[in-house]
Amino acid sequence: MSGFTFPKGGIHPDEHKELSEHLAIEEMAPPDQVVIPLSMHFGAPAKPLVKKKQEVQEGEPIAVVEKALGATIHSSVTGVVKTIESRPHPTMVRCDAIIIDRDPQAAPRIYETEDWRKISREQLLARVKDGGIVGLGGAGFPTHVKLSPPPSAKIDTLILNGAECEPYLTTDHRLMLEYTDQVIEGAKIILKILGIKKCVIGIELNKPDAINALTRALAQDSKKDDFEISAQGMQVKYPQGSEKQLIYSLTKRAVPGGGLPFDVGVIVQNISTTVSVYEACAMNKPLYEKVATFSGRAINRPANLKLKVGTLLQDVVNYLGGTRDLIKIVSGGPMMGFAISALDVPITKTTSGVLFLNSSETDLGEFGPCIHCGWCMQACPMGLAPKEVALYVEADKGHLTTKFGIMDCFECGCCAYVCPAKRPLVQFARLAKIAVKKHG
């Protein structure tokens, strides 16, 4: 197993997964009101299909993106549209959202499973699009677009990303254990859509129970469907789950700078996304529910929750018994997540988890000047020079950082993690990208 990793950089942060990795997925009752943002995907904001005081049904489309890149948004509850207005957003500060008051008398919608094998590739892809499925491990790229590579791309391998290398987060781990069959069936559906046979599920070795569960289920699968699916253990090293690092770890193919996975014949999908693809194709169920990790030592009861998109964080905190010694709230993981300042933000399609950190988990000290130790350059998995980027930004020359490969930075945070001066190198990188784009 030792060979399954990427060659450059990487770090080994404290995992903190023990807080929630053994907690089974728990379904949270829907709140009285949901706030559903119109921006929950990569691309243009969706345009509402509904108006104030309009009745909506659970699973009904309520917003669409017609001509630009984006994904359909569905109501997560049955109820009445209260209003459409600007509301806080976990990563965009604010954006327009549809606020729906839930009907407490409405019964939950029931979905029946059908045999996806009887459905054509084109129909399966249409169900993915109609279901509003987006990548649930990152920026929310529309899945139907990702599963439609250009004809020139010679795709031969599907990789399912089960690395979940971010500290604290355990959503995909629990899905691999509790939704094992759905993960495998989802992989087969994606393989059918792509018209290929091979799938590798990459899982870090700190999840041996998930590796064993998938390996056992694959061995016992009575419907082989002529696919080659395997579960492969990988070294525990952050950011093992990053797309380019994951591809190299499992295939030894290097995605070129500025390139995409299909340039080396690979499509990568997250475990949560794969389960959502299964639900869209085999159950005709859109994406309006999420499994997310709520962890950290400041939340009274950590949990892996299945909950409605649009549930406010305040409702989740109340459900989990409140907080104590709360210093910082982070949407996502501690390495690549975003700090949020209040609990009036909703759970979106791409919320992988929310962390509630106390004083022992948070460093609020001020950063110092660069001491030119070079640790950030050793840790960078892309082989970049974060310290130089930061120095240029501080000198108001961020637009000149392309020579350091700034546009290949995916903001993993390895550099900031190892910096002895505690410099906010990720924030400097973001400012550099803004400067580069501004100057063309």
# chains A, B, ... in the order shown; residues from 1 in each chain; ligands from 1
>>> closest_atom_pairs(of="segment 244-321 of chain A", to="segment 87-108 of chain A", cutoff="12 Å", atoms="only C-alpha atoms", output="CSV")
residue,atom,partner,partner_atom,distance
A:Lys308,CA,A:Arg102,CA,11.4
A:Val309,CA,A:Ile100,CA,11.5
A:Gly310,CA,A:Ile99,CA,8.4
A:Thr311,CA,A:Ile99,CA,10.5
A:Leu312,CA,A:Pro88,CA,10.2
A:Leu313,CA,A:Pro90,CA,9.9
>>> residues_around(residues="Tyr238 of chain A", least_positions_apart="3", cutoff="10 Å", atoms="only C-alpha atoms", output="PyMOL selection string")
chain A and resi 5-6+9-13+15+163-167+204+235+241-242+245+335+379+381+412-414
>>> select_by_dssp(residues="segment 205-272 of chain A", states="helix (DSSP H, G or I)", output="list in words")
Pro208, Asp209, Ala210, Ile211, Asn212, Ala213, Leu214, Thr215, Arg216, Ala217, Leu218, Ala219, Gln220, Glu243, Lys244, Gln245, Leu246, Ile247, Tyr248, Ser249, Leu250, Thr251, Pro261, Phe262, Asp263, Val264, Ile271 and Ser272 of chain A
>>> closest_residue(among="A:Lys252, A:Lys207, A:Lys52, A:Lys198", to="Glu21 of chain A", atoms="only C-alpha atoms")
A:Lys207
>>> residues_around(residues="segment 274-280 of chain A", least_positions_apart="5", cutoff="8 Å", atoms="only C-alpha atoms", output="PyMOL selection string")
chain A and resi 127-128+131+133+160+179+182-183+185-187+189-190+269+285-287
>>> write_last_selection(atoms="C-alpha atoms", output="tab-separated table (two decimals), in the first residue's frame")
chain	number	residue	atom	x	y	z
A	127	ARG	CA	-31.94	12.44	-14.53
A	128	VAL	CA	-28.62	13.64	-13.10
A	131	GLY	CA	-31.98	16.18	-10.12
A	133	ILE	CA	-26.74	16.98	-8.78
A	160	LEU	CA	-14.40	7.66	-6.61
A	179	TYR	CA	-24.69	3.22	2.09
A	182	GLN	CA	-25.68	2.73	-3.06
A	183	VAL	CA	-22.04	3.74	-3.53
A	185	GLU	CA	-24.62	1.07	-7.70
A	186	GLY	CA	-23.91	4.78	-8.14
A	187	ALA	CA	-20.47	3.91	-9.50
A	189	ILE	CA	-24.51	4.17	-13.15
A	190	ILE	CA	-21.67	6.65	-13.73
A	269	GLN	CA	-16.45	11.84	-8.40
A	285	LYS	CA	-34.95	11.78	-6.19
A	286	PRO	CA	-33.44	15.26	-6.61
A	287	LEU	CA	-30.65	16.58	-4.43
>>> select_by_dssp(residues="segment 11-163 of chain A", states="strand (DSSP E)", output="PyMOL selection string")
chain A and resi 26-27+33-37+47-48+55-56+61-64+73-74+79-89+93-102+157-162
>>> closest_residue(among="A:Ile62, A:Lys192, A:Met336, A:Gln378", to="Gln123 of chain A", atoms="only C-alpha atoms")
A:Lys192
>>> closest_residue(among="A:Asp181, A:Asp226, A:Asp172, A:Glu366", to="Thr273 of chain A", atoms="only C-alpha atoms")
A:Asp172
>>> atom_distance(atom1="atom CA of Gly233 of chain A", atom2="atom CA of Ile203 of chain A")
5.0 Å
>>> residues_around(residues="Leu194 of chain A", least_positions_apart="6", cutoff="10 Å", atoms="only C-alpha atoms", output="PyMOL selection string")
chain A and resi 121+125+147-149+155-158+188+267
